[in-house]
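Data file: run-v2.cif. Format and content: mmCIF, C-alpha atoms and all ligand atoms.
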```cif
data_coords
#
loop_
_atom_site.label_atom_id
_atom_site.label_comp_id
_atom_site.auth_asym_id
_atom_site.auth_seq_id
_atom_site.Cartn_x
_atom_site.Cartn_y
_atom_site.Cartn_z
CA MET Y 71 64.48 119.58 121.86
CA HIS Y 72 64.79 116.20 120.23
CA ASP Y 73 65.79 117.84 116.93
CA LEU Y 74 68.30 120.11 118.64
CA ARG Y 75 70.03 117.14 120.31
CA ARG Y 76 70.21 115.43 116.95
CA LEU Y 77 71.74 118.53 115.40
CA LEU Y 78 74.41 118.68 118.08
CA ARG Y 79 75.46 115.05 117.93
CA PRO Y 80 79.27 115.16 117.73
CA TYR Y 81 79.46 113.05 114.58
CA ASP Y 82 77.14 115.40 112.71
CA PHE Y 83 79.18 118.58 112.62
CA PRO Y 84 82.27 117.21 110.86
CA ALA Y 85 80.05 116.86 107.78
CA TYR Y 86 80.62 120.60 107.42
CA TYR Y 87 84.37 120.11 107.06
CA LYS Y 88 84.00 117.16 104.70
CA THR Y 89 82.18 119.25 102.16
CA MET Y 90 84.23 122.40 102.66
CA LEU Y 91 87.79 121.22 103.16
CA ARG Y 92 89.80 121.90 100.01
CA ASP Y 93 93.42 122.92 99.44
CA LEU Y 94 94.51 125.88 97.32
CA TYR Y 95 93.99 123.84 94.11
CA LYS Y 96 90.52 122.72 95.29
CA ARG Y 97 91.73 119.19 96.09
CA PRO Y 98 89.83 117.48 98.94
CA ILE Y 99 91.57 115.33 101.55
CA LYS Y 100 90.61 111.71 100.82
CA ASP Y 101 93.55 109.40 101.50
CA LEU Y 102 95.90 109.04 104.44
CA ARG Y 103 99.19 107.13 104.32
CA ILE Y 104 100.44 106.27 107.74
CA SER Y 105 104.06 105.34 108.32
CA VAL Y 106 103.88 103.11 111.39
CA THR Y 107 107.68 102.89 111.68
CA ASP Y 108 110.67 104.34 109.86
CA ARG Y 109 112.62 101.10 110.42
CA CYS Y 110 113.06 98.45 107.77
CA ASN Y 111 114.73 95.07 107.48
CA PHE Y 112 115.68 95.79 103.82
CA ARG Y 113 117.89 98.49 102.31
CA CYS Y 114 116.46 98.85 98.81
CA THR Y 115 118.97 100.82 96.78
CA TYR Y 116 116.27 103.13 95.36
CA CYS Y 117 114.75 103.87 98.77
CA MET Y 118 117.15 103.70 101.75
CA PRO Y 119 120.57 102.53 100.59
CA TYR Y 120 122.58 103.33 103.75
CA ASP Y 121 123.25 100.58 106.29
CA GLU Y 122 122.72 102.83 109.30
CA TYR Y 123 120.26 105.62 109.93
CA THR Y 124 119.41 107.78 112.89
CA TRP Y 125 116.12 106.11 113.65
CA ILE Y 126 113.26 107.95 115.30
CA GLU Y 127 113.42 107.36 119.09
CA LYS Y 128 110.84 104.84 120.33
CA ALA Y 129 109.24 107.43 122.65
CA GLU Y 130 108.66 109.71 119.65
CA ILE Y 131 106.75 107.09 117.67
CA LEU Y 132 102.97 107.47 117.80
CA THR Y 133 101.23 104.80 119.88
CA PHE Y 134 98.45 102.77 118.27
CA GLU Y 135 95.91 104.73 120.33
CA GLU Y 136 97.34 108.03 119.06
CA ILE Y 137 97.29 106.80 115.45
CA THR Y 138 93.69 105.65 115.86
CA ARG Y 139 92.56 108.94 117.37
CA LEU Y 140 94.25 110.99 114.64
CA THR Y 141 92.89 108.70 111.92
CA SER Y 142 89.34 109.08 113.16
CA LEU Y 143 89.77 112.87 113.09
CA PHE Y 144 91.11 112.65 109.52
CA VAL Y 145 88.09 110.52 108.59
CA GLN Y 146 85.81 113.19 110.01
CA LEU Y 147 87.56 115.66 107.71
CA GLY Y 148 86.94 113.56 104.59
CA VAL Y 149 89.54 110.78 104.51
CA GLN Y 150 88.02 107.55 103.18
CA LYS Y 151 91.06 105.39 102.53
CA VAL Y 152 94.00 104.58 104.79
CA ARG Y 153 97.20 102.78 103.82
CA LEU Y 154 99.66 101.54 106.43
CA THR Y 155 103.24 101.74 105.30
CA GLY Y 156 106.73 102.67 106.47
CA GLY Y 157 109.64 101.75 106.61
CA GLU Y 158 108.46 98.18 106.80
CA PRO Y 159 105.12 98.16 108.63
CA LEU Y 160 105.44 94.51 109.67
CA VAL Y 161 108.53 95.20 111.79
CA ARG Y 162 106.24 97.17 114.13
CA LYS Y 163 105.20 94.67 116.81
CA GLY Y 164 101.52 93.90 117.22
CA LEU Y 165 100.42 95.67 114.04
CA GLU Y 166 97.24 93.57 114.06
CA LYS Y 167 96.10 95.52 117.14
CA LEU Y 168 96.28 98.76 115.19
CA ILE Y 169 94.40 97.18 112.29
CA ARG Y 170 91.64 96.05 114.64
CA GLN Y 171 91.34 99.57 116.08
CA LEU Y 172 91.33 101.24 112.65
CA CYS Y 173 88.69 98.81 111.34
CA GLY Y 174 86.40 100.14 114.07
CA ILE Y 175 86.44 103.70 112.70
CA LYS Y 176 83.06 104.59 111.26
CA GLY Y 177 83.33 106.11 107.78
CA LEU Y 178 86.70 104.56 106.96
CA ASN Y 179 85.89 102.64 103.78
CA ASP Y 180 89.22 101.12 102.90
CA LEU Y 181 92.26 99.97 104.86
CA SER Y 182 95.30 98.52 103.14
CA LEU Y 183 98.93 97.75 103.80
CA THR Y 184 102.08 98.07 101.70
CA THR Y 185 104.77 95.61 102.72
CA ASN Y 186 107.95 93.94 101.54
CA ALA Y 187 106.25 90.69 102.74
CA SER Y 188 109.39 89.23 104.32
CA LEU Y 189 107.54 88.84 107.65
CA LEU Y 190 104.09 88.30 106.16
CA ALA Y 191 103.84 84.50 106.26
CA GLU Y 192 103.89 84.41 110.08
CA GLN Y 193 101.71 87.51 110.53
CA VAL Y 194 99.01 87.08 107.90
CA PRO Y 195 96.61 84.99 110.04
CA ALA Y 196 96.53 87.66 112.77
CA LEU Y 197 96.30 90.52 110.26
CA LYS Y 198 93.38 88.83 108.47
CA THR Y 199 91.55 88.10 111.74
CA ALA Y 200 92.02 91.74 112.76
CA GLY Y 201 90.16 92.86 109.62
CA LEU Y 202 92.76 93.47 106.92
CA LYS Y 203 91.32 92.63 103.50
CA ARG Y 204 93.89 93.66 100.95
CA ILE Y 205 97.60 94.33 100.55
CA ASN Y 206 100.30 95.57 98.20
CA VAL Y 207 103.54 93.60 98.14
CA SER Y 208 106.73 95.11 96.72
CA ILE Y 209 108.67 92.74 94.44
CA ASP Y 210 110.97 94.19 91.79
CA THR Y 211 112.47 91.00 90.38
CA LEU Y 212 111.99 87.23 90.55
CA ASP Y 213 115.73 86.58 90.33
CA PRO Y 214 116.86 85.73 93.90
CA ASP Y 215 120.41 87.09 93.42
CA LYS Y 216 119.23 90.32 91.88
CA PHE Y 217 116.56 90.58 94.58
CA ARG Y 218 119.27 90.40 97.23
CA ARG Y 219 121.36 93.01 95.40
CA MET Y 220 118.42 95.38 95.03
CA THR Y 221 117.27 95.05 98.63
CA LYS Y 222 120.83 94.58 99.96
CA ARG Y 223 119.63 91.87 102.34
CA GLY Y 224 116.25 90.49 101.23
CA ASP Y 225 115.44 86.81 100.78
CA LEU Y 226 113.10 86.38 97.80
CA GLY Y 227 112.02 82.95 99.08
CA LYS Y 228 110.65 84.48 102.31
CA VAL Y 229 108.87 87.21 100.36
CA LEU Y 230 107.17 84.73 98.02
CA GLU Y 231 106.20 82.61 101.03
CA GLY Y 232 104.51 85.71 102.49
CA LEU Y 233 102.83 86.56 99.20
CA PHE Y 234 101.32 83.08 98.79
CA ALA Y 235 100.32 82.92 102.46
CA ALA Y 236 98.34 86.12 101.90
CA LYS Y 237 96.63 84.50 98.91
CA GLN Y 238 95.89 81.36 100.89
CA TYR Y 239 94.30 83.43 103.68
CA GLY Y 240 92.04 85.14 101.16
CA LEU Y 241 93.43 88.67 101.12
CA HIS Y 242 92.09 90.24 97.93
CA PRO Y 243 93.11 92.03 95.83
CA ILE Y 244 96.82 91.39 96.22
CA LYS Y 245 98.79 93.89 94.17
CA ILE Y 246 102.48 93.59 93.38
CA ASN Y 247 104.42 96.87 93.30
CA ALA Y 248 107.54 96.90 91.15
CA VAL Y 249 109.81 99.93 90.83
CA VAL Y 250 111.53 99.85 87.44
CA GLU Y 251 115.14 101.04 87.28
CA ARG Y 252 116.93 101.10 83.91
CA GLY Y 253 119.88 98.77 83.71
CA VAL Y 254 118.83 97.03 86.93
CA ASN Y 255 115.45 95.31 86.56
CA ASP Y 256 113.89 96.66 83.35
CA GLY Y 257 114.66 93.28 81.78
CA ASP Y 258 112.42 91.64 84.41
CA ILE Y 259 109.16 93.35 83.43
CA ILE Y 260 107.78 90.54 81.27
CA GLU Y 261 108.61 87.83 83.81
CA LEU Y 262 106.83 89.82 86.53
CA VAL Y 263 103.78 90.20 84.28
CA GLU Y 264 103.71 86.47 83.49
CA PHE Y 265 104.03 85.62 87.18
CA SER Y 266 101.17 87.93 88.21
CA ARG Y 267 98.90 86.67 85.44
CA GLU Y 268 99.62 83.07 86.34
CA HIS Y 269 98.82 83.53 90.03
CA GLY Y 270 96.00 86.08 89.84
CA PHE Y 271 97.87 89.06 91.28
CA ALA Y 272 97.42 92.58 89.94
CA ILE Y 273 100.71 94.28 89.14
CA ARG Y 274 101.66 97.96 89.36
CA PHE Y 275 104.88 99.16 87.78
CA ILE Y 276 106.22 102.33 89.39
CA GLU Y 277 108.44 104.84 87.65
CA TYR Y 278 111.66 105.27 89.59
CA MET Y 279 111.41 108.53 91.54
CA ASP Y 280 113.90 110.86 93.22
CA VAL Y 281 112.48 110.28 96.70
CA GLY Y 282 114.54 111.28 99.74
CA ASN Y 283 118.13 112.47 99.43
CA SER Y 284 120.18 109.32 99.08
CA ASN Y 285 119.11 107.26 96.07
CA ASN Y 286 121.20 109.16 93.47
CA TRP Y 287 118.29 109.37 91.04
CA THR Y 288 119.03 110.48 87.50
CA SER Y 289 116.60 110.67 84.59
CA GLU Y 290 118.72 108.03 82.78
CA LYS Y 291 117.64 105.47 85.41
CA LEU Y 292 113.98 106.18 84.71
CA VAL Y 293 112.01 103.86 82.43
CA PRO Y 294 109.01 105.96 81.35
CA LYS Y 295 105.48 104.56 81.44
CA LYS Y 296 105.24 104.75 77.65
CA GLU Y 297 108.20 102.37 77.29
CA ILE Y 298 106.91 100.01 80.01
CA ILE Y 299 103.56 99.75 78.24
CA GLU Y 300 105.15 99.30 74.80
CA ARG Y 301 107.30 96.44 76.05
CA ILE Y 302 104.38 94.66 77.74
CA SER Y 303 101.87 95.17 74.96
CA ALA Y 304 104.32 93.76 72.38
CA ARG Y 305 103.93 90.47 74.24
CA PHE Y 306 100.49 90.78 75.87
CA PRO Y 307 98.09 93.14 74.05
CA LEU Y 308 96.59 95.70 76.45
CA LYS Y 309 93.53 97.91 76.60
CA GLU Y 310 93.75 101.12 78.66
CA VAL Y 311 90.96 101.53 81.20
CA GLY Y 312 92.27 104.74 82.79
CA ARG Y 313 92.57 105.87 86.37
CA ASP Y 314 90.21 104.50 89.02
CA ASN Y 315 87.63 107.27 89.67
CA GLY Y 316 89.58 109.33 87.15
CA THR Y 317 91.95 110.39 89.95
CA ALA Y 318 94.03 107.39 91.15
CA PRO Y 319 97.85 107.50 90.77
CA SER Y 320 97.85 104.34 88.65
CA VAL Y 321 96.79 104.29 84.99
CA ASP Y 322 95.21 100.86 84.61
CA TYR Y 323 95.11 98.40 81.71
CA GLU Y 324 93.33 95.12 81.02
CA PHE Y 325 94.91 92.28 79.08
CA VAL Y 326 92.97 91.87 75.86
CA ASP Y 327 92.79 88.11 76.52
CA GLY Y 328 90.90 88.87 79.76
CA ARG Y 329 93.56 87.35 82.02
CA GLY Y 330 94.07 90.05 84.60
CA GLU Y 331 95.04 93.69 84.89
CA LEU Y 332 98.05 95.88 85.41
CA GLY Y 333 98.78 99.51 86.17
CA VAL Y 334 101.60 102.00 85.87
CA ILE Y 335 102.26 104.78 88.35
CA ALA Y 336 103.95 107.41 86.23
CA SER Y 337 104.78 110.04 88.83
CA VAL Y 338 107.61 111.45 86.74
CA THR Y 339 106.35 111.41 83.14
CA GLU Y 340 102.60 111.82 83.76
CA PRO Y 341 102.27 113.52 87.15
CA PHE Y 342 98.88 113.47 88.84
CA CYS Y 343 99.36 116.36 91.27
CA SER Y 344 96.18 118.07 90.06
CA THR Y 345 94.10 115.23 91.54
CA CYS Y 346 96.33 114.35 94.52
CA THR Y 347 94.16 113.94 97.60
CA ARG Y 348 96.79 112.23 99.81
CA ALA Y 349 97.96 113.32 103.23
CA ARG Y 350 100.78 111.55 105.05
CA LEU Y 351 101.34 110.93 108.72
CA THR Y 352 104.93 110.16 109.70
CA ALA Y 353 105.79 107.60 112.37
CA ASP Y 354 106.53 110.45 114.78
CA GLY Y 355 103.23 112.17 114.09
CA LYS Y 356 104.01 114.83 111.50
CA LEU Y 357 101.36 115.72 108.97
CA VAL Y 358 103.00 115.99 105.54
CA THR Y 359 101.13 117.16 102.47
CA CYS Y 360 103.43 115.88 99.69
CA LEU Y 361 105.81 112.94 99.14
CA PHE Y 362 108.53 115.47 98.31
CA SER Y 363 108.02 117.77 101.30
CA SER Y 364 110.89 118.87 103.48
CA VAL Y 365 108.76 119.70 106.53
CA GLY Y 366 105.64 118.56 108.33
CA THR Y 367 103.27 119.81 111.03
CA ASP Y 368 103.91 118.21 114.42
CA LEU Y 369 100.52 116.73 115.33
CA LYS Y 370 102.08 114.55 118.03
CA ALA Y 371 103.18 117.60 120.04
CA ILE Y 372 99.67 119.02 119.73
CA LEU Y 373 98.10 115.69 120.67
CA ARG Y 374 100.39 115.16 123.66
CA SER Y 375 99.77 118.71 124.91
CA GLY Y 376 96.18 117.62 125.58
CA ALA Y 377 94.49 119.34 122.64
CA SER Y 378 90.81 118.62 122.05
CA ASP Y 379 89.52 116.82 118.95
CA GLU Y 380 88.08 120.09 117.74
CA ALA Y 381 91.45 121.88 118.10
CA ILE Y 382 93.28 119.12 116.20
CA ARG Y 383 90.68 119.14 113.42
CA GLU Y 384 91.11 122.92 113.13
CA ILE Y 385 94.89 122.57 112.81
CA VAL Y 386 94.68 119.82 110.18
CA SER Y 387 92.07 121.85 108.26
CA GLY Y 388 94.29 124.93 108.37
CA VAL Y 389 97.27 123.00 107.01
CA TRP Y 390 95.20 121.43 104.23
CA GLN Y 391 93.61 124.75 103.23
CA LYS Y 392 97.09 126.23 102.69
CA ARG Y 393 98.38 123.21 100.72
CA ASN Y 394 99.76 124.11 97.30
CA ASP Y 395 102.06 121.12 96.58
CA ARG Y 396 102.61 120.05 92.98
CA TYR Y 397 106.18 118.79 93.12
CA SER Y 398 105.97 116.19 90.35
CA ALA Y 399 104.26 118.61 87.97
CA GLU Y 400 107.03 121.14 88.67
CA ARG Y 401 109.69 118.45 88.15
CA LEU Y 402 108.26 117.62 84.72
CA GLU Y 403 108.25 121.33 83.80
CA ALA Y 404 111.90 121.55 84.92
CA LEU Y 405 112.87 118.37 83.03
CA HIS Y 406 111.48 119.96 79.86
CA SER Y 407 113.08 123.36 80.51
CA SER Y 408 116.45 124.60 79.26
CA THR Y 409 117.91 124.52 82.80
CA GLY Y 410 116.82 120.91 83.43
CA TYR Y 411 115.99 119.37 86.81
CA ASN Y 412 118.35 118.97 89.73
CA PRO Y 413 116.91 116.52 92.34
CA LYS Y 414 119.28 117.85 94.99
CA THR Y 415 118.08 121.48 94.99
CA GLN Y 416 115.57 120.81 97.75
CA LYS Y 417 116.29 118.66 100.83
CA LYS Y 418 113.38 116.24 101.24
CA LEU Y 419 112.11 114.03 104.02
CA GLU Y 420 113.17 110.40 103.51
CA MET Y 421 110.55 108.02 102.07
CA ILE Y 422 110.90 105.66 105.06
CA THR Y 423 109.80 108.49 107.34
CA LEU Y 424 107.02 109.63 105.07
CA GLY Y 425 105.45 106.37 104.07
CA GLY Y 426 105.74 105.70 100.35
N1 LIG S 501 108.52 98.61 103.06
C1 LIG S 501 107.28 98.57 102.38
C2 LIG S 501 107.48 98.14 100.95
O1 LIG S 501 108.59 98.18 100.45
O2 LIG S 501 106.47 97.80 100.34
C3 LIG S 501 106.48 99.86 102.46
C4 LIG S 501 107.24 101.15 102.35
S1 LIG S 501 107.96 101.47 100.75
C5 LIG S 501 108.68 103.05 101.02
C6 LIG S 501 106.49 101.83 99.80
C7 LIG S 501 106.65 101.75 98.30
O3 LIG S 501 107.52 102.76 97.86
C8 LIG S 501 107.23 100.45 97.82
O4 LIG S 501 106.37 99.84 96.87
C9 LIG S 501 108.52 100.86 97.15
O5 LIG S 501 108.84 100.06 96.06
C10 LIG S 501 108.22 102.29 96.75
N2 LIG S 501 109.43 103.08 96.53
C11 LIG S 501 110.47 103.21 97.36
N3 LIG S 501 111.43 103.99 96.80
C12 LIG S 501 110.97 104.36 95.57
C13 LIG S 501 111.50 105.13 94.50
N4 LIG S 501 112.70 105.70 94.57
N5 LIG S 501 110.75 105.30 93.40
C14 LIG S 501 109.52 104.72 93.31
N6 LIG S 501 108.96 103.97 94.29
C15 LIG S 501 109.68 103.79 95.40
FE1 LIG S 502 112.32 99.06 103.12
FE2 LIG S 502 110.22 99.27 101.55
FE3 LIG S 502 112.17 101.10 101.40
FE4 LIG S 502 112.64 98.65 100.53
S1 LIG S 502 111.15 100.11 99.68
S2 LIG S 502 113.97 99.84 101.88
S3 LIG S 502 111.43 97.43 101.89
S4 LIG S 502 110.84 100.75 103.11
FE1 LIG S 503 100.81 114.54 95.41
FE2 LIG S 503 103.15 115.72 95.89
FE3 LIG S 503 103.05 113.45 94.48
FE4 LIG S 503 102.16 115.74 93.41
S1 LIG S 503 104.24 115.27 93.99
S2 LIG S 503 101.13 113.73 93.34
S3 LIG S 503 101.28 116.73 95.22
S4 LIG S 503 102.47 113.69 96.64
#
```
Write the structure described by the file as structure tokens, please.
Amino acid sequence: MHDLRRLLRPYDFPAYYKTMLRDLYKRPIKDLRISVTDRCNFRCTYCMPYDEYTWIEKAEILTFEEITRLTSLFVQLGVQKVRLTGGEPLVRKGLEKLIRQLCGIKGLNDLSLTTNASLLAEQVPALKTAGLKRINVSIDTLDPDKFRRMTKRGDLGKVLEGLFAAKQYGLHPIKINAVVERGVNDGDIIELVEFSREHGFAIRFIEYMDVGNSNNWTSEKLVPKKEIIERISARFPLKEVGRDNGTAPSVDYEFVDGRGELGVIASVTEPFCSTCTRARLTADGKLVTCLFSSVGTDLKAILRSGASDEAIREIVSGVWQKRNDRYSAERLEALHSSTGYNPKTQKKLEMITLGG
């Protein structure tokens, strides 16, 4: 009897899913990116250049309790890492409450946040107390005028204040994300590297991608990883250390002089679809299986209809088992083909909805 009760403990049976759940390319589900809001106080030209959007209605946004319940079900299915993103996650009021709830989920090994840091200085004490340990901060240039042009309204001073407040409060590691756009900020790469080395931040350069439908991406605006690395290593010799666990999006490097590390996320020129274990949850509760998807599965409707945990797990498992996304790999094939690649052939969900 004792053994039977142990066998039936509710947190035992999801182990079955964890080992079995694979998509059509045998990729497990390991990471979850949660967009906590589609709203943002910036309008980065490469992400959401329009001044006005039709925002998701407040009533349609998942509550913190709903996010926490869904996250714990994802964790039971194999998710180990969660990243909060958006839109700008810090414009969602009381985010520290969500962080506290998520930190209580057994089996969730890693919780992080990607932010533009403009509101970080005032929020970092509460976020840290709630359990947040690490963050990624997006900074594409250290030139205040260019920063304002690229974000259409951002104040670099406020962002740096947030970044250094995070350091002062002991968040670690702090990674800087910089999207590189040819003719815009590719001349700022070395200064960003010097800045991160000087202050002990890790830096990740991101190849400019054709996310959403409004950033007018062309391959001419892309600075490939190879060129980014050549430019940096001409000044600071680098040693490649590869992808974390062999599967992470970023290819990492160490400076030969031992002063820090950097990475490049080369989604366009070296796609990593074959090892992509990321699911995305939109602010209005849609499960999306690829950054370039045009549709998602409405988990909020299922949740609000009163579905049981078991029913929701079954639905998520079913979606994941049918997943066959490999958009970036297909884009590279198209870029190398005689017909070329047209980013407008498929209408995609916007990055602010999806969580970048
Ligand atoms: N607002 C937060 C921020 O900017 O960090 C979080 C959301 S933002 C969509 C997440 C990440 O996506 C940021 O690091 C941003 O630079 C990156 N991103 C946005 N548009 C991109 C694009 N077209 N190509 C590559 N990365 C992009
Ligand atoms: Fe906002 Fe981040 Fe997109 Fe910039 S990259 S517009 S800060 S969501
Ligand atoms: Fe994953 Fe889609 Fe990006 Fe490929 S294109 S790495 S499947 S999110």
Requested in this report: Name each residue within 7 Å of ligand LIG 503 (chain S), counting only C-alpha atoms and all ligand atoms, as a list in words.
Outcome: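 Sorted by chain and then by number, the residues are Ser337, Pro341, Phe342, Cys343, Cys346, Arg348, Thr359, Cys360, Leu361, Phe362, Asp395, Arg396, Tyr397, Ser398 and Ala399 of chain Y.
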Query raised in the report: So, counting all atoms listed in the file, which residue among Y:Ser364, Y:Gln193, Y:Ser303, Y:Asn247 is closest to ligand LIG 502 (chain S)?
Result: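 Ranked by minimum distance to ligand LIG 502 (chain S), first place goes to Y:Asn247.
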Please build the interface table for chain Y against ligand LIG 501 (chain S) with a cut-off of 7 Å, listing for each qualifying residue the nearest atom pair and the distance in Å to one decimal; count only C-alpha atoms and all ligand atoms, order rows by chain and increasing number, and write it as CSV.
```
residue,atom,partner,partner_atom,distance
Y:Cys110,CA,S:LIG501,N1,6.5
Y:Tyr116,CA,S:LIG501,N4,4.5
Y:Cys117,CA,S:LIG501,N3,3.9
Y:Thr155,CA,S:LIG501,C3,4.7
Y:Gly156,CA,S:LIG501,C4,4.4
Y:Gly157,CA,S:LIG501,N1,4.9
Y:Glu158,CA,S:LIG501,N1,3.8
Y:Pro159,CA,S:LIG501,N1,6.5
Y:Thr184,CA,S:LIG501,O2,4.6
Y:Thr185,CA,S:LIG501,O2,3.7
Y:Asn186,CA,S:LIG501,C2,4.3
Y:Asn206,CA,S:LIG501,O2,6.9
Y:Val207,CA,S:LIG501,O2,5.6
Y:Ser208,CA,S:LIG501,O2,4.5
Y:Asn247,CA,S:LIG501,O4,5.0
Y:Ala248,CA,S:LIG501,O5,6.0
Y:Val249,CA,S:LIG501,O5,5.3
Y:Ile276,CA,S:LIG501,C14,5.7
Y:Glu277,CA,S:LIG501,C14,5.8
Y:Tyr278,CA,S:LIG501,N5,3.9
Y:Met279,CA,S:LIG501,N5,3.8
Y:Asp280,CA,S:LIG501,N4,5.5
Y:Val281,CA,S:LIG501,N4,5.1
Y:Asn285,CA,S:LIG501,N4,6.8
Y:Met421,CA,S:LIG501,C5,5.4
Y:Ile422,CA,S:LIG501,C5,5.3
Y:Gly425,CA,S:LIG501,C5,5.5
Y:Gly426,CA,S:LIG501,C6,4.0
```
Take the residues from that selection and put them in a file with C-alpha atoms, as a compact mmCIF listing (two decimals), in the frame of the given file.
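result-v6.txt, written as the output of this step:
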```
# COMPACT_ATOMS: atom_id res chain seq x y z
CA CYS Y 110 113.06 98.45 107.77
CA TYR Y 116 116.27 103.13 95.36
CA CYS Y 117 114.75 103.87 98.77
CA THR Y 155 103.24 101.74 105.30
CA GLY Y 156 106.73 102.67 106.47
CA GLY Y 157 109.64 101.75 106.61
CA GLU Y 158 108.46 98.18 106.80
CA PRO Y 159 105.12 98.16 108.63
CA THR Y 184 102.08 98.07 101.70
CA THR Y 185 104.77 95.61 102.72
CA ASN Y 186 107.95 93.94 101.54
CA ASN Y 206 100.30 95.57 98.20
CA VAL Y 207 103.54 93.60 98.14
CA SER Y 208 106.73 95.11 96.72
CA ASN Y 247 104.42 96.87 93.30
CA ALA Y 248 107.54 96.90 91.15
CA VAL Y 249 109.81 99.93 90.83
CA ILE Y 276 106.22 102.33 89.39
CA GLU Y 277 108.44 104.84 87.65
CA TYR Y 278 111.66 105.27 89.59
CA MET Y 279 111.41 108.53 91.54
CA ASP Y 280 113.90 110.86 93.22
CA VAL Y 281 112.48 110.28 96.70
CA ASN Y 285 119.11 107.26 96.07
CA MET Y 421 110.55 108.02 102.07
CA ILE Y 422 110.90 105.66 105.06
CA GLY Y 425 105.45 106.37 104.07
CA GLY Y 426 105.74 105.70 100.35
```
Query - Spatial neighbours of range 325-328 of chain Y, 9 Å, all atoms listed in the file, chain gap at least 4 places, as a list in words - result: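 My list of contacting residues is Ser303, Phe306, Pro307, Leu308, Lys309, Glu310 and Leu332 of chain Y.
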Report task. Do a neighbour search on range 270-274 of chain Y at 9 Å with only C-alpha atoms, toss out local chain neighbours closer than 2 positions, and write the hits as an MDAnalysis selection string. Result -> chainID Y and resid 237 242:249 262:263 265:268 276 320 322 329:335
Requested in this report: Tell me, as an MDAnalysis selection string, which residues lie within 9 Å of Thr199 in chain Y, counting all atoms listed in the file; anything in the same chain fewer than 3 positions away does not count.
Outcome: chainID Y and resid 166 170 194:196 202
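We find CA of Pro214 in chain Y and CA of Gly227 in chain Y to be spaced 7.6 Å apart.
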Taking all atoms of range 302-305 of chain Y that appear in the file, build a box with edges along x, y and z, extend it by 3 Å on every side, and state its centre and edge lengths in Å to one decimal, as lines of an AutoDock Vina configuration file.
```
center_x = 103.1
center_y = 92.8
center_z = 75.1
size_x = 8.5
size_y = 10.7
size_z = 11.4
```
Report summary line: Counting all atoms listed in the file, closest pick from Y:Val145, Y:Val321, Y:Leu189, Y:Leu369 relative to ligand LIG 502 (chain S) is Y:Leu189
Requested in this report: Tell me which of Y:Glu264, Y:Glu420, Y:Glu290, Y:Glu384 sits closest to ligand LIG 502 (chain S), counting all atoms listed in the file.
Outcome: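 Residue with the minimum atom-to-atom distance to ligand LIG 502 (chain S): Y:Glu420.
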Report task. May I ask which of the residues Y:Asp213, Y:Phe234, Y:Thr138, Y:Leu102 is the closest one to Ser182 in chain Y, counting all atoms listed in the file? Result ->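 Counting all atoms listed in the file, the residue closest to Ser182 in chain Y is Y:Leu102.
The coordinates place CA of Lys417 in chain Y at 22.9 Å from CA of Glu340 in chain Y.
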Query - Selection near Gly257 in chain Y, 10 Å with only C-alpha atoms, sequence-local residues under 6 positions removed, as a list in words - result: Thr211, Val250, Glu251 and Arg301 of chain Y
Query raised in the report: Which residue out of Y:Gly224, Y:Gly253, Y:Gly148, Y:Gly376 has the minimum interatomic distance to ligand LIG 502 (chain S) when all atoms listed in the file are used?
Result: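 Checking each candidate against ligand LIG 502 (chain S), we get Y:Gly224 as the closest.
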Query - Closest of Y:Leu132, Y:Leu402, Y:Ile385, Y:Leu154 to ligand LIG 502 (chain S) - atom-to-atom distances counting only C-alpha atoms and all ligand atoms - result: Y:Leu154
Report task. Please provide as a count of residues only all residues within 7 Å of range 92-96 of chain Y, with the sequence filter that same-chain residues fewer than 2 positions apart are discarded (counting all atoms listed in the file). Result -> 8
Requested in this report: Provide the CA of Ala381 in chain Y to CA of Ile175 in chain Y distance in Å, to one decimal place.
Outcome: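 Separating CA of Ala381 in chain Y from CA of Ile175 in chain Y is a distance of 19.6 Å.
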Query raised in the report: Could you list as a ChimeraX atom specification every residue that has an atom within 12 Å of (120.7, 110.2, 83.2), using the file's coordinates and counting only C-alpha atoms?
Result: /Y:251-253,286-293,405,410-413
